[in-house]
2 protein chains.
Amino acid sequence: MRVTIKDVSRIAGVSIKTVSRVLNKEKYVREETRAKVAAAVAELNFSPSLAARTLAGSRSFQIALIYDNHSPYYIHAIQAGVWARCREQGVRMLAQPVDIASATLAQEIGGLIDETHVDGVILSSPVTDAPEALAELERRNIRFVRISPGTNHAMTSSVFMDDAQAADDMTTHLINQGHRRIGFVIGHPNHMASDERHFGYRRALDRAGIGYEPSLVRPGEFDFASGMAAAEALLTLPKKPTAIFASNDDMAAGILSYAHHVGLEVPRDLSVAGFDDTDLAQLVWPPLTTIRQPTRDLAFAATGLLFEADPVITHQRLQHELIVRGSTARVRG
Amino acid sequence: MRVTIKDVSRIAGVSIKTVSRVLNKEKYVREETRAKVAAAVAELNFSPSLAARTLAGSRSFQIALIYDNHSPYYIHAIQAGVWARCREQGVRMLAQPVDIASATLAQEIGGLIDETHVDGVILSSPVTDAPEALAELERRNIRFVRISPGTNHAMTSSVFMDDAQAADDMTTHLINQGHRRIGFVIGHPNHMASDERHFGYRRALDRAGIGYEPSLVRPGEFDFASGMAAAEALLTLPKKPTAIFASNDDMAAGILSYAHHVGLEVPRDLSVAGFDDTDLAQLVWPPLTTIRQPTRDLAFAATGLLFEADPVITHQRLQHELIVRGSTARVRG
DNA sequence: GCCAACTAAGACACCGTTGTCATAAGCTGG
DNA sequence: CCAGCTTATGACAACGGTGTCTTAGTTGGC
């Protein structure tokens, strides 16, 4: 039925071990033999059984991507990046959504590893900072790389961007446009990046000599609804802000909607800024001024670190970019 | 190192075969024995190796989801549905993005099947209608179910919604609001659903005695940019439409943007309708009147059909729903 | 009271690869 | 010219489960 290494070895006139050597690009195979085997592989259209390789060998040619993120755009970009790098390496990606609040989180991750023998794991935020998940991975002594972790930076290799600096850049941009009362919507408390962005906002105000006013800062949960709610709270203040900076694009979209709803024109009456530069940023009106987070590249780089031969702990910082679109403008008057 | 079935059998005081029987819920195991084994499994926190089960047995406990769709919302919903059903079944999902235009499509799918021994495959549109993909799956005699296929309905089990009826419903809704000049933006030509929706639009006009006017119908590609381009074409016509119905939400968002751009107020000056009811529909202003496509449920149901014991070809139609929001209104005057 | 059928459990080969070890030929240097 | 390396290849066990066959005890029907 199935084409196996035995069939290949018979056609090529060598032992199965030699076929295995060619498949794994090992040394000590004559060029002529290699060619014979390659020809047989091509003729039979042979693909080795991952199950058998996993069982017999010490690698499974599979890695897992673990995430708990409800932004379709974000996980789409993450998956795309991991997948692209895996493809280059000839490794399969297992996408594993989890619930970091679940009591069985560690068990689920442990089960995944035992069942699939994955060679490594990519953790995306906020799983990057779930202690049970980290402990389980450490316990199993498996290699893993984190994308945008917020804690324990020394623990593992990771890739990230400078969230604080990015938020600082955006805030400074608004200040440079003459804004003095700048509202801020914090991200989901689960995500460490939320703190960083909040900090960057504050640092920029500080440097400009603008006082930090707690009433201008509202909590959010990275979703549309909480953006809308924050907008309502901020825009019914006695002294309204002239600009609102949200910690992600979904919340910024919520702010835009609320503004439309109450008849404010953006950016004439209110400047709105987002963060992430997901597709959404260009699908709303006006298109959002935002920070381009290199999500796909982060995922790609993280996966690359996982495949590094030498398991040295490495940290890679990728550049963000301030993208100015139509949702922000100079303050009026 | 790894906990194996042997460890479990030793602790439980039975043979490995008996452990295997308990794991697979087979008959002919005394309740008392079953309990002993279950206790040992729990004590050791044992998860059986998928690789070994795959190699020795006739099932791999894995299925593949193959897609080529660039809408993050859509694939997010599809993945969520397939994943949820797999989880119930204790089966792993392999997400496999492909390029249906690629010359190596069949080879990639064949390789996937050979390598992973997947028990079945879920195809999502437009891979559902890629002849090379279908031929390859047939050739390997593997079970597969299609989500919203456009062709060869008799070939496999499938789940789908009535795209034509849904488009008819939306068009009728607009007609009932007094619109007579209704623009239409067709979907991506790769997707069979595009034709169906186009047909439904035409059927509704017909029934209402409104002539089909080709100049009111523009091609699109299911993305924001093509929606914007179509809007420009339609709204610079000598006799403008009073409503535009786009074949998906992304394109409808493009129409909204163009309308904002040229100072048209929606829905006062123009009604806009979308299709799919992705999250996006509620993130734009005004929120879109659209058709709720039960994407996640389609995926969930499709996966259920794959697990059906009896491989009878089944077709399941799921209900759509007309969602009326702020982007449509009675025609003025 | 005996044979057939059912229940319960184990022995053992096998799935398709890789790891380890053995072997043989070719080369190098003293 | 031979010891000792490097190169090239194969034999065989092992990975961790499941499928098949066998055995033995228990029921049940006549």
# chains A, B, ... in the order shown; residues from 1 in each chain; ligands from 1
$ residues_around --residues "DT18 (chain C)" --least-positions-apart "3" --cutoff "7 Å" --atoms "only C-alpha atoms (C1' of nucleotides)" --output "VMD selection string"
chain A and resid 53 56 to 57
$ residues_around --residues "region 8-21 of chain D" --least-positions-apart "3" --cutoff "9 Å" --atoms "only C-alpha atoms (C1' of nucleotides)" --output "count of residues only"
41
$ interface_residues --of "chain B" --to "chain A" --cutoff "7 Å" --atoms "only C-alpha atoms" --output "list in words"
Ser47, Pro48, Ser49, Leu50, Ala51, Ala52, Thr54, Leu55, Pro72, Tyr73, His76, Leu94, Ala95, Gly111, Asp114, Glu115, Thr116, Phe224, Ala253, Gly254, Ser257, Leu283, Val284 and Trp285 of chain B
$ write_last_selection --atoms "N, CA and C atoms" --output "PDB file, in the first residue's frame"
ATOM      1  N   SER B  47       0.572   9.950  28.844  1.00  0.00           N
ATOM      2  CA  SER B  47      -0.079  10.245  27.563  1.00  0.00           C
ATOM      3  C   SER B  47       0.585   9.375  26.512  1.00  0.00           C
ATOM      4  N   PRO B  48      -0.178   8.564  25.822  1.00  0.00           N
ATOM      5  CA  PRO B  48       0.422   7.646  24.848  1.00  0.00           C
ATOM      6  C   PRO B  48       1.063   8.382  23.687  1.00  0.00           C
ATOM      7  N   SER B  49       2.111   7.813  23.167  1.00  0.00           N
ATOM      8  CA  SER B  49       2.809   8.410  22.023  1.00  0.00           C
ATOM      9  C   SER B  49       1.982   8.269  20.759  1.00  0.00           C
ATOM     10  N   LEU B  50       1.646   9.418  20.181  1.00  0.00           N
ATOM     11  CA  LEU B  50       0.892   9.384  18.927  1.00  0.00           C
ATOM     12  C   LEU B  50       1.687   8.682  17.837  1.00  0.00           C
ATOM     13  N   ALA B  51       2.981   8.885  17.859  1.00  0.00           N
ATOM     14  CA  ALA B  51       3.826   8.295  16.820  1.00  0.00           C
ATOM     15  C   ALA B  51       3.703   6.773  16.854  1.00  0.00           C
ATOM     16  N   ALA B  52       3.772   6.218  18.047  1.00  0.00           N
ATOM     17  CA  ALA B  52       3.693   4.759  18.169  1.00  0.00           C
ATOM     18  C   ALA B  52       2.299   4.258  17.778  1.00  0.00           C
ATOM     19  N   THR B  54       0.234   5.614  15.791  1.00  0.00           N
ATOM     20  CA  THR B  54       0.086   5.781  14.353  1.00  0.00           C
ATOM     21  C   THR B  54       0.765   4.641  13.610  1.00  0.00           C
ATOM     22  N   LEU B  55       1.970   4.364  14.053  1.00  0.00           N
ATOM     23  CA  LEU B  55       2.784   3.378  13.343  1.00  0.00           C
ATOM     24  C   LEU B  55       2.186   1.980  13.476  1.00  0.00           C
ATOM     25  N   PRO B  72      -8.256  36.774   7.633  1.00  0.00           N
ATOM     26  CA  PRO B  72      -7.939  36.270   8.966  1.00  0.00           C
ATOM     27  C   PRO B  72      -9.196  35.880   9.738  1.00  0.00           C
ATOM     28  N   TYR B  73     -10.257  36.673   9.608  1.00  0.00           N
ATOM     29  CA  TYR B  73     -11.478  36.366  10.338  1.00  0.00           C
ATOM     30  C   TYR B  73     -12.028  35.013   9.934  1.00  0.00           C
ATOM     31  N   HIS B  76      -9.837  32.123  11.014  1.00  0.00           N
ATOM     32  CA  HIS B  76      -9.870  32.025  12.468  1.00  0.00           C
ATOM     33  C   HIS B  76     -11.114  31.263  12.909  1.00  0.00           C
ATOM     34  N   LEU B  94      -4.087  19.450  12.280  1.00  0.00           N
ATOM     35  CA  LEU B  94      -2.937  20.054  11.605  1.00  0.00           C
ATOM     36  C   LEU B  94      -3.452  21.124  10.664  1.00  0.00           C
ATOM     37  N   ALA B  95      -3.047  22.368  10.893  1.00  0.00           N
ATOM     38  CA  ALA B  95      -3.482  23.451  10.023  1.00  0.00           C
ATOM     39  C   ALA B  95      -2.485  23.569   8.882  1.00  0.00           C
ATOM     40  N   GLY B 111       2.253  14.739   0.114  1.00  0.00           N
ATOM     41  CA  GLY B 111       3.330  14.654   1.095  1.00  0.00           C
ATOM     42  C   GLY B 111       2.796  14.753   2.514  1.00  0.00           C
ATOM     43  N   ASP B 114       1.151  11.428   3.393  1.00  0.00           N
ATOM     44  CA  ASP B 114       2.129  10.354   3.593  1.00  0.00           C
ATOM     45  C   ASP B 114       2.907  10.546   4.884  1.00  0.00           C
ATOM     46  N   GLU B 115       3.326  11.757   5.110  1.00  0.00           N
ATOM     47  CA  GLU B 115       4.146  12.005   6.295  1.00  0.00           C
ATOM     48  C   GLU B 115       3.381  11.804   7.588  1.00  0.00           C
ATOM     49  N   THR B 116       2.165  12.324   7.603  1.00  0.00           N
ATOM     50  CA  THR B 116       1.451  12.376   8.879  1.00  0.00           C
ATOM     51  C   THR B 116       0.426  11.264   9.069  1.00  0.00           C
ATOM     52  N   PHE B 224     -10.521  44.699   0.823  1.00  0.00           N
ATOM     53  CA  PHE B 224     -10.830  46.103   1.053  1.00  0.00           C
ATOM     54  C   PHE B 224     -10.603  46.957  -0.195  1.00  0.00           C
ATOM     55  N   ALA B 253     -16.483  47.319   3.784  1.00  0.00           N
ATOM     56  CA  ALA B 253     -15.696  48.304   4.530  1.00  0.00           C
ATOM     57  C   ALA B 253     -15.001  49.252   3.560  1.00  0.00           C
ATOM     58  N   GLY B 254     -14.546  48.719   2.449  1.00  0.00           N
ATOM     59  CA  GLY B 254     -13.925  49.555   1.421  1.00  0.00           C
ATOM     60  C   GLY B 254     -14.916  50.573   0.865  1.00  0.00           C
ATOM     61  N   SER B 257     -15.419  53.327   3.344  1.00  0.00           N
ATOM     62  CA  SER B 257     -14.287  54.243   3.347  1.00  0.00           C
ATOM     63  C   SER B 257     -14.357  55.207   2.180  1.00  0.00           C
ATOM     64  N   LEU B 283     -16.918  46.620  13.633  1.00  0.00           N
ATOM     65  CA  LEU B 283     -15.788  47.486  13.974  1.00  0.00           C
ATOM     66  C   LEU B 283     -15.750  48.730  13.101  1.00  0.00           C
ATOM     67  N   VAL B 284     -16.606  48.772  12.106  1.00  0.00           N
ATOM     68  CA  VAL B 284     -16.597  49.923  11.209  1.00  0.00           C
ATOM     69  C   VAL B 284     -17.768  50.823  11.554  1.00  0.00           C
ATOM     70  N   TRP B 285     -17.760  52.003  10.980  1.00  0.00           N
ATOM     71  CA  TRP B 285     -18.850  52.927  11.224  1.00  0.00           C
ATOM     72  C   TRP B 285     -19.502  53.342   9.934  1.00  0.00           C
TER      73      TRP B 285
END
$ residues_around --residues "region 309-311 of chain A" --least-positions-apart "2" --cutoff "10 Å" --atoms "only C-alpha atoms (C1' of nucleotides)" --output "PyMOL selection string"
chain A and resi 143-144+156-157+305-307+313-314
$ closest_residue --among "B:Gln293, B:His179, B:Phe222, B:Ala208" --to "Pro241 (chain B)" --atoms "only C-alpha atoms"
B:His179
$ residues_around --residues "DT28 (chain C)" --least-positions-apart "4" --cutoff "12 Å" --atoms "only C-alpha atoms (C1' of nucleotides)" --output "JSON, numbers by chain"
{"D": [2, 3, 4, 5, 6]}
$ write_last_selection --atoms "N, CA and C atoms (P, O5', C5', C4', C3', O3' and C1' of nucleotides)" --output "PDB file, in the first residue's frame"
ATOM      1  P    DC D   2      52.728  -6.651   5.268  1.00  0.00           P
ATOM      2  O5'  DC D   2      52.316  -6.186   6.735  1.00  0.00           O
ATOM      3  C5'  DC D   2      53.298  -5.598   7.601  1.00  0.00           C
ATOM      4  C4'  DC D   2      52.689  -4.432   8.340  1.00  0.00           C
ATOM      5  C3'  DC D   2      51.214  -4.618   8.731  1.00  0.00           C
ATOM      6  O3'  DC D   2      51.029  -4.116  10.052  1.00  0.00           O
ATOM      7  C1'  DC D   2      51.463  -2.601   7.576  1.00  0.00           C
ATOM      8  P    DA D   3      49.798  -4.638  10.942  1.00  0.00           P
ATOM      9  O5'  DA D   3      49.655  -3.484  12.022  1.00  0.00           O
ATOM     10  C5'  DA D   3      50.819  -2.893  12.614  1.00  0.00           C
ATOM     11  C4'  DA D   3      50.545  -1.423  12.899  1.00  0.00           C
ATOM     12  C3'  DA D   3      49.222  -1.151  13.617  1.00  0.00           C
ATOM     13  O3'  DA D   3      49.427  -0.092  14.552  1.00  0.00           O
ATOM     14  C1'  DA D   3      49.211  -0.060  11.516  1.00  0.00           C
ATOM     15  P    DG D   4      48.258   0.421  15.501  1.00  0.00           P
ATOM     16  O5'  DG D   4      47.574   1.569  14.629  1.00  0.00           O
ATOM     17  C5'  DG D   4      48.319   2.723  14.271  1.00  0.00           C
ATOM     18  C4'  DG D   4      47.381   3.691  13.576  1.00  0.00           C
ATOM     19  C3'  DG D   4      45.984   3.765  14.205  1.00  0.00           C
ATOM     20  O3'  DG D   4      45.553   5.127  14.187  1.00  0.00           O
ATOM     21  C1'  DG D   4      45.771   3.236  11.939  1.00  0.00           C
ATOM     22  P    DC D   5      44.287   5.601  15.078  1.00  0.00           P
ATOM     23  O5'  DC D   5      43.316   6.289  13.994  1.00  0.00           O
ATOM     24  C5'  DC D   5      43.579   7.592  13.565  1.00  0.00           C
ATOM     25  C4'  DC D   5      43.312   7.728  12.077  1.00  0.00           C
ATOM     26  C3'  DC D   5      41.874   8.105  11.755  1.00  0.00           C
ATOM     27  O3'  DC D   5      41.803   9.496  11.477  1.00  0.00           O
ATOM     28  C1'  DC D   5      42.771   6.491  10.206  1.00  0.00           C
ATOM     29  P    DT D   6      40.356  10.221  11.483  1.00  0.00           P
ATOM     30  O5'  DT D   6      39.843   9.952   9.997  1.00  0.00           O
ATOM     31  C5'  DT D   6      40.640  10.371   8.898  1.00  0.00           C
ATOM     32  C4'  DT D   6      39.985   9.907   7.610  1.00  0.00           C
ATOM     33  C3'  DT D   6      38.488  10.239   7.525  1.00  0.00           C
ATOM     34  O3'  DT D   6      38.235  10.850   6.276  1.00  0.00           O
ATOM     35  C1'  DT D   6      38.860   7.938   7.072  1.00  0.00           C
TER      36       DT D   6
END
$ atom_distance --atom1 "CA of Ala135 (chain A)" --atom2 "CA of Tyr67 (chain A)"
16.2 Å
$ interface_residues --of "chain C" --to "chain B" --cutoff "10 Å" --atoms "only C-alpha atoms (C1' of nucleotides)" --output "list of chain:residue names"
C:DC6, C:DT7, C:DA8, C:DA9, C:DG10, C:DA11, C:DC14, C:DC15, C:DG16, C:DT17
$ select_by_dssp --residues "region 70-218 of chain B" --states "strand (DSSP E)" --output "list in words"
Arg92, Met93, Leu94, Ala95, Gln96, Pro97, Gly120, Val121, Ile122, Leu123, Ser124, Arg143, Phe144, Val145, Arg146, Ile147, Ser157, Ser158, Val159, Phe160, Met161, Ile182, Gly183, Phe184, Val185, Val217 and Arg218 of chain B
$ write_last_selection --atoms "N, CA and C atoms" --output "short mmCIF file (atom, residue, chain, number, x, y, z; two decimals), in the first residue's frame"
data_model
loop_
_atom_site.label_atom_id
_atom_site.label_comp_id
_atom_site.auth_asym_id
_atom_site.auth_seq_id
_atom_site.Cartn_x
_atom_site.Cartn_y
_atom_site.Cartn_z
N ARG B 92 -5.95 15.42 17.02
CA ARG B 92 -5.20 16.66 16.80
C ARG B 92 -5.50 17.21 15.41
N MET B 93 -5.43 18.54 15.33
CA MET B 93 -5.68 19.21 14.06
C MET B 93 -4.37 19.76 13.51
N LEU B 94 -4.09 19.45 12.28
CA LEU B 94 -2.94 20.05 11.61
C LEU B 94 -3.45 21.12 10.66
N ALA B 95 -3.05 22.37 10.89
CA ALA B 95 -3.48 23.45 10.02
C ALA B 95 -2.48 23.57 8.88
N GLN B 96 -2.99 23.51 7.68
CA GLN B 96 -2.09 23.50 6.53
C GLN B 96 -2.50 24.53 5.50
N PRO B 97 -1.87 25.70 5.54
CA PRO B 97 -2.15 26.68 4.49
C PRO B 97 -1.51 26.22 3.19
N GLY B 120 -8.08 11.91 8.14
CA GLY B 120 -9.05 12.56 7.28
C GLY B 120 -8.65 13.99 7.04
N VAL B 121 -9.37 14.64 6.15
CA VAL B 121 -9.00 16.00 5.76
C VAL B 121 -10.26 16.87 5.68
N ILE B 122 -10.12 18.09 6.13
CA ILE B 122 -11.18 19.08 5.95
C ILE B 122 -10.67 20.09 4.93
N LEU B 123 -11.47 20.33 3.93
CA LEU B 123 -11.10 21.29 2.90
C LEU B 123 -11.99 22.52 3.05
N SER B 124 -11.35 23.68 3.09
CA SER B 124 -12.18 24.88 3.14
C SER B 124 -12.06 25.63 1.82
N ARG B 143 -10.54 9.89 3.49
CA ARG B 143 -11.83 10.54 3.73
C ARG B 143 -11.64 12.04 3.83
N PHE B 144 -12.53 12.79 3.20
CA PHE B 144 -12.48 14.22 3.40
C PHE B 144 -13.86 14.84 3.27
N VAL B 145 -14.00 15.96 3.94
CA VAL B 145 -15.26 16.69 3.96
C VAL B 145 -14.97 18.11 3.51
N ARG B 146 -15.87 18.68 2.75
CA ARG B 146 -15.63 20.03 2.26
C ARG B 146 -16.58 21.04 2.88
N ILE B 147 -16.03 22.20 3.14
CA ILE B 147 -16.83 23.30 3.68
C ILE B 147 -17.14 24.26 2.56
N SER B 157 -18.95 14.29 1.23
CA SER B 157 -19.77 14.94 2.23
C SER B 157 -19.40 16.41 2.27
N SER B 158 -20.36 17.24 2.61
CA SER B 158 -20.03 18.65 2.70
C SER B 158 -21.04 19.37 3.59
N VAL B 159 -20.64 20.53 4.03
CA VAL B 159 -21.55 21.41 4.75
C VAL B 159 -21.48 22.76 4.06
N PHE B 160 -22.57 23.45 4.08
CA PHE B 160 -22.61 24.71 3.35
C PHE B 160 -23.83 25.50 3.78
N MET B 161 -23.92 26.71 3.28
CA MET B 161 -25.12 27.49 3.49
C MET B 161 -25.67 27.83 2.12
N ILE B 182 -29.60 49.27 -7.17
CA ILE B 182 -28.78 48.60 -6.16
C ILE B 182 -27.50 48.08 -6.81
N GLY B 183 -26.38 48.64 -6.39
CA GLY B 183 -25.11 48.18 -6.93
C GLY B 183 -24.71 46.86 -6.30
N PHE B 184 -23.90 46.09 -7.01
CA PHE B 184 -23.46 44.80 -6.47
C PHE B 184 -21.98 44.62 -6.76
N VAL B 185 -21.24 44.16 -5.76
CA VAL B 185 -19.82 43.86 -5.97
C VAL B 185 -19.64 42.35 -5.84
N VAL B 217 -23.02 46.35 -11.66
CA VAL B 217 -22.34 45.17 -11.09
C VAL B 217 -20.86 45.25 -11.38
N ARG B 218 -20.05 45.19 -10.33
CA ARG B 218 -18.61 45.33 -10.51
C ARG B 218 -17.89 44.10 -9.96
#
$ residues_around --residues "Tyr201 (chain B)" --least-positions-apart "2" --cutoff "7 Å" --atoms "only C-alpha atoms (C1' of nucleotides)" --output "ChimeraX atom specification"
/B:167-168,171,197-199,203-205
$ write_last_selection --atoms "C-alpha atoms" --output "PDB file, in the first residue's frame"
ATOM      1  CA  ALA B 167     -27.956  37.164  -1.279  1.00  0.00           C
ATOM      2  CA  ASP B 168     -31.572  37.067  -2.381  1.00  0.00           C
ATOM      3  CA  THR B 171     -31.309  42.192  -1.970  1.00  0.00           C
ATOM      4  CA  ARG B 197     -24.339  35.327  -4.341  1.00  0.00           C
ATOM      5  CA  HIS B 198     -24.384  37.068  -7.673  1.00  0.00           C
ATOM      6  CA  PHE B 199     -27.175  34.780  -8.787  1.00  0.00           C
ATOM      7  CA  ARG B 203     -33.015  36.527  -8.751  1.00  0.00           C
ATOM      8  CA  ALA B 204     -34.327  38.968  -6.152  1.00  0.00           C
ATOM      9  CA  LEU B 205     -34.262  41.838  -8.644  1.00  0.00           C
TER      10      LEU B 205
END
$ select_by_dssp --residues "region 132-331 of chain A" --states "alpha helix (DSSP H)" --output "PyMOL selection string"
chain A and resi 132-139+163-176+192-207+224-235+249-261+280-283+295-307
$ write_last_selection --atoms "C-alpha atoms" --output "mmCIF file, in the first residue's frame"
data_model
loop_
_atom_site.group_PDB
_atom_site.id
_atom_site.type_symbol
_atom_site.label_atom_id
_atom_site.label_comp_id
_atom_site.auth_asym_id
_atom_site.auth_seq_id
_atom_site.Cartn_x
_atom_site.Cartn_y
_atom_site.Cartn_z
ATOM 1 C CA GLU A 132 2.208 27.002 34.944
ATOM 2 C CA ALA A 133 3.032 26.823 31.260
ATOM 3 C CA LEU A 134 6.638 27.904 31.790
ATOM 4 C CA ALA A 135 7.105 25.497 34.682
ATOM 5 C CA GLU A 136 5.758 22.576 32.687
ATOM 6 C CA LEU A 137 8.053 23.290 29.750
ATOM 7 C CA GLU A 138 11.064 23.626 32.035
ATOM 8 C CA ARG A 139 10.158 20.408 33.790
ATOM 9 C CA ASP A 163 6.738 48.561 23.452
ATOM 10 C CA ALA A 164 7.660 51.378 25.808
ATOM 11 C CA GLN A 165 9.656 53.212 23.170
ATOM 12 C CA ALA A 166 6.904 52.719 20.615
ATOM 13 C CA ALA A 167 4.275 54.165 22.930
ATOM 14 C CA ASP A 168 6.691 56.976 23.723
ATOM 15 C CA ASP A 169 7.088 57.661 20.000
ATOM 16 C CA MET A 170 3.354 57.813 19.454
ATOM 17 C CA THR A 171 2.758 60.048 22.433
ATOM 18 C CA THR A 172 5.560 62.332 21.329
ATOM 19 C CA HIS A 173 4.029 62.492 17.871
ATOM 20 C CA LEU A 174 0.753 63.683 19.388
ATOM 21 C CA ILE A 175 2.548 66.188 21.583
ATOM 22 C CA ASN A 176 4.375 67.506 18.542
ATOM 23 C CA MET A 192 2.783 42.494 29.912
ATOM 24 C CA ALA A 193 3.032 44.699 26.850
ATOM 25 C CA SER A 194 0.147 46.687 28.313
ATOM 26 C CA ASP A 195 2.330 47.931 31.149
ATOM 27 C CA GLU A 196 5.161 48.789 28.812
ATOM 28 C CA ARG A 197 2.956 50.837 26.563
ATOM 29 C CA HIS A 198 1.448 52.613 29.514
ATOM 30 C CA PHE A 199 4.921 53.386 30.787
ATOM 31 C CA GLY A 200 6.034 54.769 27.423
ATOM 32 C CA TYR A 201 3.023 57.071 27.302
ATOM 33 C CA ARG A 202 3.884 58.410 30.714
ATOM 34 C CA ARG A 203 7.560 58.842 29.965
ATOM 35 C CA ALA A 204 6.835 60.920 26.875
ATOM 36 C CA LEU A 205 4.484 63.191 28.820
ATOM 37 C CA ASP A 206 7.108 63.586 31.501
ATOM 38 C CA ARG A 207 9.817 64.559 29.114
ATOM 39 C CA PHE A 224 -13.625 46.936 20.443
ATOM 40 C CA ALA A 225 -16.186 47.166 23.227
ATOM 41 C CA SER A 226 -13.715 48.289 25.862
ATOM 42 C CA GLY A 227 -12.416 50.924 23.443
ATOM 43 C CA MET A 228 -15.915 52.260 23.058
ATOM 44 C CA ALA A 229 -16.475 52.299 26.791
ATOM 45 C CA ALA A 230 -13.192 54.084 27.421
ATOM 46 C CA ALA A 231 -14.060 56.663 24.788
ATOM 47 C CA GLU A 232 -17.349 57.344 26.461
ATOM 48 C CA ALA A 233 -15.663 57.810 29.818
ATOM 49 C CA LEU A 234 -13.002 60.121 28.392
ATOM 50 C CA LEU A 235 -15.261 62.205 26.183
ATOM 51 C CA ASP A 249 -6.163 49.007 16.955
ATOM 52 C CA ASP A 250 -9.336 47.210 18.005
ATOM 53 C CA MET A 251 -9.833 49.619 20.875
ATOM 54 C CA ALA A 252 -8.975 52.540 18.612
ATOM 55 C CA ALA A 253 -11.717 51.350 16.267
ATOM 56 C CA GLY A 254 -14.079 51.418 19.231
ATOM 57 C CA ILE A 255 -13.089 54.997 19.931
ATOM 58 C CA LEU A 256 -13.719 55.953 16.310
ATOM 59 C CA SER A 257 -17.155 54.389 16.492
ATOM 60 C CA TYR A 258 -18.059 56.193 19.667
ATOM 61 C CA ALA A 259 -16.852 59.457 18.159
ATOM 62 C CA HIS A 260 -18.985 58.947 15.075
ATOM 63 C CA HIS A 261 -21.840 58.028 17.301
ATOM 64 C CA LEU A 280 -8.061 46.678 10.665
ATOM 65 C CA ALA A 281 -6.153 49.947 10.877
ATOM 66 C CA GLN A 282 -6.797 50.529 7.191
ATOM 67 C CA LEU A 283 -10.333 49.184 7.118
ATOM 68 C CA THR A 295 4.233 40.498 14.230
ATOM 69 C CA ARG A 296 4.932 38.110 11.421
ATOM 70 C CA ASP A 297 8.633 38.874 11.520
ATOM 71 C CA LEU A 298 8.705 38.333 15.263
ATOM 72 C CA ALA A 299 7.180 34.902 14.793
ATOM 73 C CA PHE A 300 9.536 34.111 11.953
ATOM 74 C CA ALA A 301 12.575 35.143 13.972
ATOM 75 C CA ALA A 302 11.419 33.273 17.061
ATOM 76 C CA THR A 303 11.068 30.084 15.080
ATOM 77 C CA GLY A 304 14.518 30.625 13.651
ATOM 78 C CA LEU A 305 15.956 30.805 17.158
ATOM 79 C CA LEU A 306 14.294 27.505 17.969
ATOM 80 C CA PHE A 307 16.132 25.842 15.113
#
$ atom_distance --atom1 "CA of Ser271 (chain B)" --atom2 "CA of Asp162 (chain B)"
23.5 Å
$ residues_around --residues "DC3 (chain C)" --least-positions-apart "5" --cutoff "12 Å" --atoms "only C-alpha atoms (C1' of nucleotides)" --output "VMD selection string"
chain D and resid 27 to 30
$ atom_distance --atom1 "CA of Asp129 (chain B)" --atom2 "CA of His320 (chain B)"
21.9 Å
$ decode --residues "region 149-158 of chain B" --atoms "N, CA and C atoms" --output "mmCIF file, in the first residue's frame"
data_model
loop_
_atom_site.group_PDB
_atom_site.id
_atom_site.type_symbol
_atom_site.label_atom_id
_atom_site.label_comp_id
_atom_site.auth_asym_id
_atom_site.auth_seq_id
_atom_site.Cartn_x
_atom_site.Cartn_y
_atom_site.Cartn_z
ATOM 1 N N PRO B 149 -18.359 23.846 -0.640
ATOM 2 C CA PRO B 149 -17.807 23.568 -1.974
ATOM 3 C C PRO B 149 -18.725 24.170 -3.031
ATOM 4 N N GLY B 150 -18.161 24.413 -4.193
ATOM 5 C CA GLY B 150 -18.971 25.008 -5.250
ATOM 6 C C GLY B 150 -19.302 24.020 -6.344
ATOM 7 N N THR B 151 -18.495 22.969 -6.444
ATOM 8 C CA THR B 151 -18.666 22.035 -7.568
ATOM 9 C C THR B 151 -18.724 20.594 -7.067
ATOM 10 N N ASN B 152 -19.104 19.695 -7.950
ATOM 11 C CA ASN B 152 -19.077 18.255 -7.668
ATOM 12 C C ASN B 152 -19.692 17.909 -6.327
ATOM 13 N N HIS B 153 -20.869 18.413 -6.098
ATOM 14 C CA HIS B 153 -21.451 18.216 -4.779
ATOM 15 C C HIS B 153 -21.603 16.750 -4.403
ATOM 16 N N ALA B 154 -21.778 15.911 -5.390
ATOM 17 C CA ALA B 154 -22.018 14.499 -5.094
ATOM 18 C C ALA B 154 -20.746 13.775 -4.663
ATOM 19 N N MET B 155 -19.607 14.412 -4.907
ATOM 20 C CA MET B 155 -18.322 13.743 -4.703
ATOM 21 C C MET B 155 -18.050 13.373 -3.252
ATOM 22 N N THR B 156 -18.331 14.305 -2.336
ATOM 23 C CA THR B 156 -17.980 14.082 -0.936
ATOM 24 C C THR B 156 -19.068 14.627 -0.028
ATOM 25 N N SER B 157 -18.945 14.290 1.233
ATOM 26 C CA SER B 157 -19.769 14.944 2.228
ATOM 27 C C SER B 157 -19.402 16.414 2.268
ATOM 28 N N SER B 158 -20.356 17.240 2.614
ATOM 29 C CA SER B 158 -20.030 18.654 2.705
ATOM 30 C C SER B 158 -21.042 19.374 3.588
#
